[in-house]
Amino acid sequence: MRFRDRTEAGRLLADRLISYANRSDVQVLALPRGGVPVAYEAAWRLNAPLDVWLVRKLGAPSIPELAIGAIATGGVQTINGEAVRRLSVSREQIDEIVARERQELERREAAYRGNRPPLDVRGATVILIDDGIATGASMHAAVTSVGQREAKEIVVAVPVAAPSACAEIEREADRVVCLLKPADLNSVGEWYQDFSQTTDDEVRNLLDRAREFAPRAGERTR
């Protein structure tokens, strides 16, 4: 089985999350950019407010696609010590990578949300959604940062995830919903027929549309 695109994946994921529909305490947070089209479909079906939760993977200097950690909204930073030691990444290299990715995170915060503050997750049931989990570094940072903001319950929901990464997240989140857990997952994109890049304009458009069907999205801001 492969998903046609992120929109179809979001609709299928929403079917598994329907028990959260029409609840005033539920918020849907998407990991941009690819997680936003998936989360939009789920938020629409659940009649829940949608926002982005910014996370940036920290790629290894010699192998950028390999995560050695991640940073997230709220100043959260996680480092995979084992990967750092295995790849002999220096403290200076880590600091350089973090600075570069934090700059991009701040750019995206401004581009996607403008002057609007993020949703206040304190006391809320938060559903964190991405288009898939390979290593789990980004989702780990997202769960950690949302937890630090005192969310009541953290639900991680993705269309596809590596079994090992899913098992790790299950130890951190209150609930994990994953439609596919292929043993041979090499990349998230191979499980989509259309995995074209989501643009900044698409993210902004979906967030604007979400405020129309869930006007209470602005009621719980800081």
# chains A, B, ... in the order shown; residues from 1 in each chain; ligands from 1
>>> select_by_dssp(residues="segment 66-215 of chain A", states="alpha helix (DSSP H)", output="MDAnalysis selection string")
chainID A and resid 81:87 91:113 137:148 163:170 200:213
>>> residues_around(residues="Arg85 of chain A", least_positions_apart="4", cutoff="12 Å", atoms="only C-alpha atoms", output="compact mmCIF listing (two decimals) with C-alpha atoms, in the first residue's frame")
# COMPACT_ATOMS: atom_id res chain seq x y z
CA ALA A 60 25.30 15.52 10.34
CA ILE A 68 22.08 14.00 14.97
CA ILE A 79 21.13 15.85 20.53
CA ASN A 80 21.70 12.17 19.74
CA GLY A 81 24.89 11.57 21.69
CA VAL A 89 31.01 15.60 15.35
CA SER A 90 32.69 18.37 17.34
CA ARG A 91 31.01 20.84 19.68
CA ILE A 94 27.08 21.23 16.47
>>> residues_around(residues="Pro182 of chain A", least_positions_apart="2", cutoff="7 Å", atoms="only C-alpha atoms", output="ChimeraX atom specification")
/A:162-163,180,184-185
>>> residues_around(residues="Leu29 of chain A", least_positions_apart="3", cutoff="8 Å", atoms="only C-alpha atoms", output="PyMOL selection string")
chain A and resi 39+50-53+126-129
>>> write_last_selection(atoms="N, CA and C atoms", output="short mmCIF file (atom, residue, chain, number, x, y, z; two decimals), in the first residue's frame")
data_model
loop_
_atom_site.label_atom_id
_atom_site.label_comp_id
_atom_site.auth_asym_id
_atom_site.auth_seq_id
_atom_site.Cartn_x
_atom_site.Cartn_y
_atom_site.Cartn_z
N ALA A 39 -2.06 17.28 8.19
CA ALA A 39 -2.75 17.78 9.38
C ALA A 39 -4.00 18.58 9.03
N LEU A 50 -5.99 24.41 13.85
CA LEU A 50 -4.73 23.94 13.27
C LEU A 50 -3.67 25.02 13.38
N ASP A 51 -2.48 24.61 13.78
CA ASP A 51 -1.34 25.51 13.81
C ASP A 51 -0.10 24.70 13.44
N VAL A 52 1.01 25.38 13.24
CA VAL A 52 2.26 24.70 12.98
C VAL A 52 3.10 24.66 14.26
N TRP A 53 3.90 23.63 14.38
CA TRP A 53 4.87 23.52 15.48
C TRP A 53 6.22 23.32 14.82
N VAL A 126 -3.17 17.68 22.52
CA VAL A 126 -2.46 18.10 21.31
C VAL A 126 -2.21 16.89 20.42
N ILE A 127 -2.60 17.01 19.16
CA ILE A 127 -2.32 15.96 18.17
C ILE A 127 -1.22 16.48 17.26
N LEU A 128 -0.04 15.90 17.38
CA LEU A 128 1.11 16.26 16.56
C LEU A 128 1.12 15.41 15.30
N ILE A 129 1.16 16.06 14.13
CA ILE A 129 1.06 15.32 12.87
C ILE A 129 2.21 15.68 11.94
#
>>> residues_around(residues="segment 3-10 of chain A", least_positions_apart="4", cutoff="7 Å", atoms="only C-alpha atoms", output="PDB file with C-alpha atoms, in the first residue's frame")
ATOM      1  CA  ALA A  14      -8.492  11.342  10.412  1.00  0.00           C
ATOM      2  CA  PRO A  37      -1.358  19.059   4.197  1.00  0.00           C
ATOM      3  CA  VAL A  38      -1.781  15.866   6.244  1.00  0.00           C
ATOM      4  CA  ALA A  39      -2.751  17.775   9.382  1.00  0.00           C
ATOM      5  CA  GLU A  41      -7.293  17.133   6.433  1.00  0.00           C
ATOM      6  CA  ALA A  42      -7.333  15.753   9.977  1.00  0.00           C
ATOM      7  CA  ASP A 131       3.779  13.085   6.886  1.00  0.00           C
ATOM      8  CA  PRO A 159       0.605   7.924   8.074  1.00  0.00           C
ATOM      9  CA  TRP A 191       5.347   5.358   0.612  1.00  0.00           C
ATOM     10  CA  TYR A 192       3.664   8.144  -1.374  1.00  0.00           C
ATOM     11  CA  GLN A 193       2.886   8.161  -5.075  1.00  0.00           C
ATOM     12  CA  ASP A 194       3.137  11.971  -5.017  1.00  0.00           C
ATOM     13  CA  PHE A 195       5.642  13.290  -2.487  1.00  0.00           C
TER      14      PHE A 195
END
>>> residues_around(residues="segment 21-28 of chain A", least_positions_apart="2", cutoff="10 Å", atoms="only C-alpha atoms", output="MDAnalysis selection string")
chainID A and resid 14 17:19 30 36 39:40 42:53 119:129 152:157 216:217 220
>>> write_last_selection(atoms="C-alpha atoms", output="PDB file, in the first residue's frame")
ATOM      1  CA  ALA A  14      -8.492  11.342  10.412  1.00  0.00           C
ATOM      2  CA  LEU A  17      -8.612  10.020  15.139  1.00  0.00           C
ATOM      3  CA  ILE A  18     -12.372  10.508  14.905  1.00  0.00           C
ATOM      4  CA  SER A  19     -12.836  10.071  18.672  1.00  0.00           C
ATOM      5  CA  ALA A  30       1.563  20.154  12.123  1.00  0.00           C
ATOM      6  CA  VAL A  36       0.730  20.554   7.069  1.00  0.00           C
ATOM      7  CA  ALA A  39      -2.751  17.775   9.382  1.00  0.00           C
ATOM      8  CA  TYR A  40      -5.133  20.070   7.505  1.00  0.00           C
ATOM      9  CA  ALA A  42      -7.333  15.753   9.977  1.00  0.00           C
ATOM     10  CA  ALA A  43      -8.136  19.131  11.552  1.00  0.00           C
ATOM     11  CA  TRP A  44     -10.985  19.732   9.086  1.00  0.00           C
ATOM     12  CA  ARG A  45     -12.522  16.342   9.832  1.00  0.00           C
ATOM     13  CA  LEU A  46     -12.107  16.778  13.598  1.00  0.00           C
ATOM     14  CA  ASN A  47     -13.301  20.409  13.547  1.00  0.00           C
ATOM     15  CA  ALA A  48     -10.194  21.365  15.502  1.00  0.00           C
ATOM     16  CA  PRO A  49      -7.887  24.391  15.323  1.00  0.00           C
ATOM     17  CA  LEU A  50      -4.732  23.935  13.273  1.00  0.00           C
ATOM     18  CA  ASP A  51      -1.342  25.512  13.805  1.00  0.00           C
ATOM     19  CA  VAL A  52       2.262  24.697  12.978  1.00  0.00           C
ATOM     20  CA  TRP A  53       4.866  23.522  15.479  1.00  0.00           C
ATOM     21  CA  LEU A 119      -1.681  28.382  20.143  1.00  0.00           C
ATOM     22  CA  ASP A 120      -1.414  27.978  23.892  1.00  0.00           C
ATOM     23  CA  VAL A 121      -1.151  24.202  24.387  1.00  0.00           C
ATOM     24  CA  ARG A 122      -1.322  24.387  28.168  1.00  0.00           C
ATOM     25  CA  GLY A 123      -4.032  21.987  29.365  1.00  0.00           C
ATOM     26  CA  ALA A 124      -4.907  20.937  25.800  1.00  0.00           C
ATOM     27  CA  THR A 125      -5.013  17.576  24.065  1.00  0.00           C
ATOM     28  CA  VAL A 126      -2.460  18.097  21.313  1.00  0.00           C
ATOM     29  CA  ILE A 127      -2.323  15.965  18.167  1.00  0.00           C
ATOM     30  CA  LEU A 128       1.107  16.261  16.557  1.00  0.00           C
ATOM     31  CA  ILE A 129       1.059  15.324  12.874  1.00  0.00           C
ATOM     32  CA  LYS A 152      -2.607  17.683  29.038  1.00  0.00           C
ATOM     33  CA  GLU A 153      -2.209  14.875  26.499  1.00  0.00           C
ATOM     34  CA  ILE A 154       0.123  14.419  23.541  1.00  0.00           C
ATOM     35  CA  VAL A 155      -1.009  12.282  20.619  1.00  0.00           C
ATOM     36  CA  VAL A 156       1.420  11.626  17.765  1.00  0.00           C
ATOM     37  CA  ALA A 157      -0.293  10.718  14.483  1.00  0.00           C
ATOM     38  CA  ARG A 216     -11.792  29.088  17.883  1.00  0.00           C
ATOM     39  CA  ALA A 217      -8.180  28.511  16.799  1.00  0.00           C
ATOM     40  CA  ARG A 220      -6.470  29.866  23.198  1.00  0.00           C
TER      41      ARG A 220
END
>>> select_by_dssp(residues="chain A", states="strand (DSSP E)", output="PDB file with N, CA and C atoms, in the first residue's frame")
ATOM      1  N   VAL A  26      -9.137  19.988  22.035  1.00  0.00           N
ATOM      2  CA  VAL A  26      -8.225  19.375  21.060  1.00  0.00           C
ATOM      3  C   VAL A  26      -7.619  20.429  20.135  1.00  0.00           C
ATOM      4  N   GLN A  27      -6.307  20.317  19.920  1.00  0.00           N
ATOM      5  CA  GLN A  27      -5.598  21.150  18.959  1.00  0.00           C
ATOM      6  C   GLN A  27      -4.768  20.240  18.056  1.00  0.00           C
ATOM      7  N   VAL A  28      -4.691  20.597  16.790  1.00  0.00           N
ATOM      8  CA  VAL A  28      -3.871  19.854  15.845  1.00  0.00           C
ATOM      9  C   VAL A  28      -2.665  20.715  15.486  1.00  0.00           C
ATOM     10  N   LEU A  29      -1.480  20.171  15.691  1.00  0.00           N
ATOM     11  CA  LEU A  29      -0.243  20.879  15.381  1.00  0.00           C
ATOM     12  C   LEU A  29       0.518  20.099  14.319  1.00  0.00           C
ATOM     13  N   ALA A  30       0.877  20.792  13.241  1.00  0.00           N
ATOM     14  CA  ALA A  30       1.563  20.154  12.123  1.00  0.00           C
ATOM     15  C   ALA A  30       3.042  20.498  12.138  1.00  0.00           C
ATOM     16  N   LEU A  50      -5.988  24.412  13.850  1.00  0.00           N
ATOM     17  CA  LEU A  50      -4.732  23.935  13.273  1.00  0.00           C
ATOM     18  C   LEU A  50      -3.670  25.015  13.378  1.00  0.00           C
ATOM     19  N   ASP A  51      -2.485  24.610  13.780  1.00  0.00           N
ATOM     20  CA  ASP A  51      -1.342  25.512  13.805  1.00  0.00           C
ATOM     21  C   ASP A  51      -0.105  24.703  13.440  1.00  0.00           C
ATOM     22  N   VAL A  52       1.006  25.381  13.243  1.00  0.00           N
ATOM     23  CA  VAL A  52       2.262  24.697  12.978  1.00  0.00           C
ATOM     24  C   VAL A  52       3.097  24.659  14.261  1.00  0.00           C
ATOM     25  N   VAL A  55       9.866  22.616  13.848  1.00  0.00           N
ATOM     26  CA  VAL A  55      10.957  21.704  14.207  1.00  0.00           C
ATOM     27  C   VAL A  55      11.956  21.696  13.063  1.00  0.00           C
ATOM     28  N   ARG A  56      13.243  21.694  13.385  1.00  0.00           N
ATOM     29  CA  ARG A  56      14.285  21.590  12.366  1.00  0.00           C
ATOM     30  C   ARG A  56      15.243  20.461  12.736  1.00  0.00           C
ATOM     31  N   LYS A  57      15.429  19.562  11.800  1.00  0.00           N
ATOM     32  CA  LYS A  57      16.392  18.476  12.003  1.00  0.00           C
ATOM     33  C   LYS A  57      17.803  19.031  11.969  1.00  0.00           C
ATOM     34  N   LEU A  58      18.682  18.492  12.808  1.00  0.00           N
ATOM     35  CA  LEU A  58      20.098  18.830  12.780  1.00  0.00           C
ATOM     36  C   LEU A  58      20.813  17.726  12.018  1.00  0.00           C
ATOM     37  N   GLY A  59      21.193  18.015  10.780  1.00  0.00           N
ATOM     38  CA  GLY A  59      21.837  17.008   9.950  1.00  0.00           C
ATOM     39  C   GLY A  59      23.325  16.919  10.212  1.00  0.00           C
ATOM     40  N   ALA A  67      20.059  12.544  10.866  1.00  0.00           N
ATOM     41  CA  ALA A  67      19.822  13.441  11.990  1.00  0.00           C
ATOM     42  C   ALA A  67      20.721  13.115  13.175  1.00  0.00           C
ATOM     43  N   ILE A  68      21.344  14.148  13.718  1.00  0.00           N
ATOM     44  CA  ILE A  68      22.080  13.996  14.974  1.00  0.00           C
ATOM     45  C   ILE A  68      21.341  14.705  16.104  1.00  0.00           C
ATOM     46  N   GLY A  69      20.154  15.225  15.786  1.00  0.00           N
ATOM     47  CA  GLY A  69      19.341  15.906  16.784  1.00  0.00           C
ATOM     48  C   GLY A  69      18.306  16.775  16.103  1.00  0.00           C
ATOM     49  N   ALA A  70      17.686  17.661  16.871  1.00  0.00           N
ATOM     50  CA  ALA A  70      16.670  18.555  16.321  1.00  0.00           C
ATOM     51  C   ALA A  70      16.460  19.726  17.266  1.00  0.00           C
ATOM     52  N   ILE A  71      15.899  20.792  16.750  1.00  0.00           N
ATOM     53  CA  ILE A  71      15.479  21.918  17.567  1.00  0.00           C
ATOM     54  C   ILE A  71      13.998  22.155  17.289  1.00  0.00           C
ATOM     55  N   ALA A  72      13.310  22.796  18.240  1.00  0.00           N
ATOM     56  CA  ALA A  72      11.873  23.008  18.082  1.00  0.00           C
ATOM     57  C   ALA A  72      11.452  24.326  18.709  1.00  0.00           C
ATOM     58  N   VAL A  76      13.727  24.377  22.452  1.00  0.00           N
ATOM     59  CA  VAL A  76      14.093  22.987  22.745  1.00  0.00           C
ATOM     60  C   VAL A  76      15.165  22.506  21.784  1.00  0.00           C
ATOM     61  N   GLN A  77      16.161  21.819  22.320  1.00  0.00           N
ATOM     62  CA  GLN A  77      17.236  21.252  21.510  1.00  0.00           C
ATOM     63  C   GLN A  77      17.544  19.846  22.003  1.00  0.00           C
ATOM     64  N   THR A  78      17.507  18.874  21.100  1.00  0.00           N
ATOM     65  CA  THR A  78      17.845  17.500  21.453  1.00  0.00           C
ATOM     66  C   THR A  78      19.016  17.046  20.599  1.00  0.00           C
ATOM     67  N   ILE A  79      19.949  16.344  21.218  1.00  0.00           N
ATOM     68  CA  ILE A  79      21.133  15.845  20.527  1.00  0.00           C
ATOM     69  C   ILE A  79      21.244  14.342  20.752  1.00  0.00           C
ATOM     70  N   THR A 125      -5.363  18.846  24.706  1.00  0.00           N
ATOM     71  CA  THR A 125      -5.013  17.576  24.065  1.00  0.00           C
ATOM     72  C   THR A 125      -4.448  17.925  22.701  1.00  0.00           C
ATOM     73  N   VAL A 126      -3.169  17.682  22.521  1.00  0.00           N
ATOM     74  CA  VAL A 126      -2.460  18.097  21.313  1.00  0.00           C
ATOM     75  C   VAL A 126      -2.205  16.886  20.415  1.00  0.00           C
ATOM     76  N   ILE A 127      -2.603  17.008  19.161  1.00  0.00           N
ATOM     77  CA  ILE A 127      -2.323  15.965  18.167  1.00  0.00           C
ATOM     78  C   ILE A 127      -1.220  16.479  17.261  1.00  0.00           C
ATOM     79  N   LEU A 128      -0.037  15.901  17.382  1.00  0.00           N
ATOM     80  CA  LEU A 128       1.107  16.261  16.557  1.00  0.00           C
ATOM     81  C   LEU A 128       1.117  15.405  15.296  1.00  0.00           C
ATOM     82  N   ILE A 129       1.159  16.055  14.133  1.00  0.00           N
ATOM     83  CA  ILE A 129       1.059  15.324  12.874  1.00  0.00           C
ATOM     84  C   ILE A 129       2.208  15.684  11.940  1.00  0.00           C
ATOM     85  N   GLU A 153      -2.415  16.159  27.165  1.00  0.00           N
ATOM     86  CA  GLU A 153      -2.209  14.875  26.499  1.00  0.00           C
ATOM     87  C   GLU A 153      -1.541  15.128  25.159  1.00  0.00           C
ATOM     88  N   ILE A 154      -0.579  14.288  24.809  1.00  0.00           N
ATOM     89  CA  ILE A 154       0.123  14.419  23.541  1.00  0.00           C
ATOM     90  C   ILE A 154      -0.116  13.163  22.711  1.00  0.00           C
ATOM     91  N   VAL A 155      -0.738  13.368  21.559  1.00  0.00           N
ATOM     92  CA  VAL A 155      -1.009  12.282  20.619  1.00  0.00           C
ATOM     93  C   VAL A 155      -0.151  12.516  19.381  1.00  0.00           C
ATOM     94  N   VAL A 156       0.632  11.542  18.993  1.00  0.00           N
ATOM     95  CA  VAL A 156       1.420  11.626  17.765  1.00  0.00           C
ATOM     96  C   VAL A 156       0.704  10.795  16.706  1.00  0.00           C
ATOM     97  N   ALA A 157       0.440  11.411  15.540  1.00  0.00           N
ATOM     98  CA  ALA A 157      -0.293  10.718  14.483  1.00  0.00           C
ATOM     99  C   ALA A 157       0.423  10.921  13.153  1.00  0.00           C
ATOM    100  N   VAL A 158       0.781   9.819  12.502  1.00  0.00           N
ATOM    101  CA  VAL A 158       1.476   9.875  11.217  1.00  0.00           C
ATOM    102  C   VAL A 158       0.968   8.762  10.304  1.00  0.00           C
ATOM    103  N   PRO A 159       1.015   8.981   8.999  1.00  0.00           N
ATOM    104  CA  PRO A 159       0.605   7.924   8.074  1.00  0.00           C
ATOM    105  C   PRO A 159       1.567   6.740   8.043  1.00  0.00           C
ATOM    106  N   VAL A 160       2.871   7.011   8.172  1.00  0.00           N
ATOM    107  CA  VAL A 160       3.854   5.937   8.052  1.00  0.00           C
ATOM    108  C   VAL A 160       5.046   6.235   8.956  1.00  0.00           C
ATOM    109  N   ARG A 175      -0.108   8.746  23.307  1.00  0.00           N
ATOM    110  CA  ARG A 175      -0.676   7.810  22.330  1.00  0.00           C
ATOM    111  C   ARG A 175       0.001   8.033  20.987  1.00  0.00           C
ATOM    112  N   VAL A 176       0.210   6.978  20.242  1.00  0.00           N
ATOM    113  CA  VAL A 176       0.778   7.070  18.901  1.00  0.00           C
ATOM    114  C   VAL A 176      -0.162   6.354  17.934  1.00  0.00           C
ATOM    115  N   VAL A 177      -0.539   7.052  16.863  1.00  0.00           N
ATOM    116  CA  VAL A 177      -1.371   6.478  15.812  1.00  0.00           C
ATOM    117  C   VAL A 177      -0.546   6.465  14.531  1.00  0.00           C
ATOM    118  N   CYS A 178      -0.300   5.289  14.004  1.00  0.00           N
ATOM    119  CA  CYS A 178       0.490   5.149  12.784  1.00  0.00           C
ATOM    120  C   CYS A 178      -0.192   4.138  11.878  1.00  0.00           C
ATOM    121  N   LEU A 179      -0.506   4.550  10.647  1.00  0.00           N
ATOM    122  CA  LEU A 179      -1.237   3.677   9.740  1.00  0.00           C
ATOM    123  C   LEU A 179      -0.371   2.563   9.177  1.00  0.00           C
ATOM    124  N   LEU A 180       0.878   2.871   8.861  1.00  0.00           N
ATOM    125  CA  LEU A 180       1.797   1.880   8.294  1.00  0.00           C
ATOM    126  C   LEU A 180       3.106   1.888   9.068  1.00  0.00           C
TER     127      LEU A 180
END
>>> atom_distance(atom1="atom CA of Arg33 of chain A", atom2="atom CA of Glu92 of chain A")
28.2 Å
>>> atom_distance(atom1="atom CA of Ser62 of chain A", atom2="atom CA of Glu190 of chain A")
23.4 Å
>>> closest_residue(among="A:Glu202, A:Pro61, A:Ala111, A:Pro117", to="Val98 of chain A", atoms="only C-alpha atoms")
A:Pro61
>>> atom_distance(atom1="atom CA of Ala173 of chain A", atom2="atom CA of Val143 of chain A")
6.7 Å
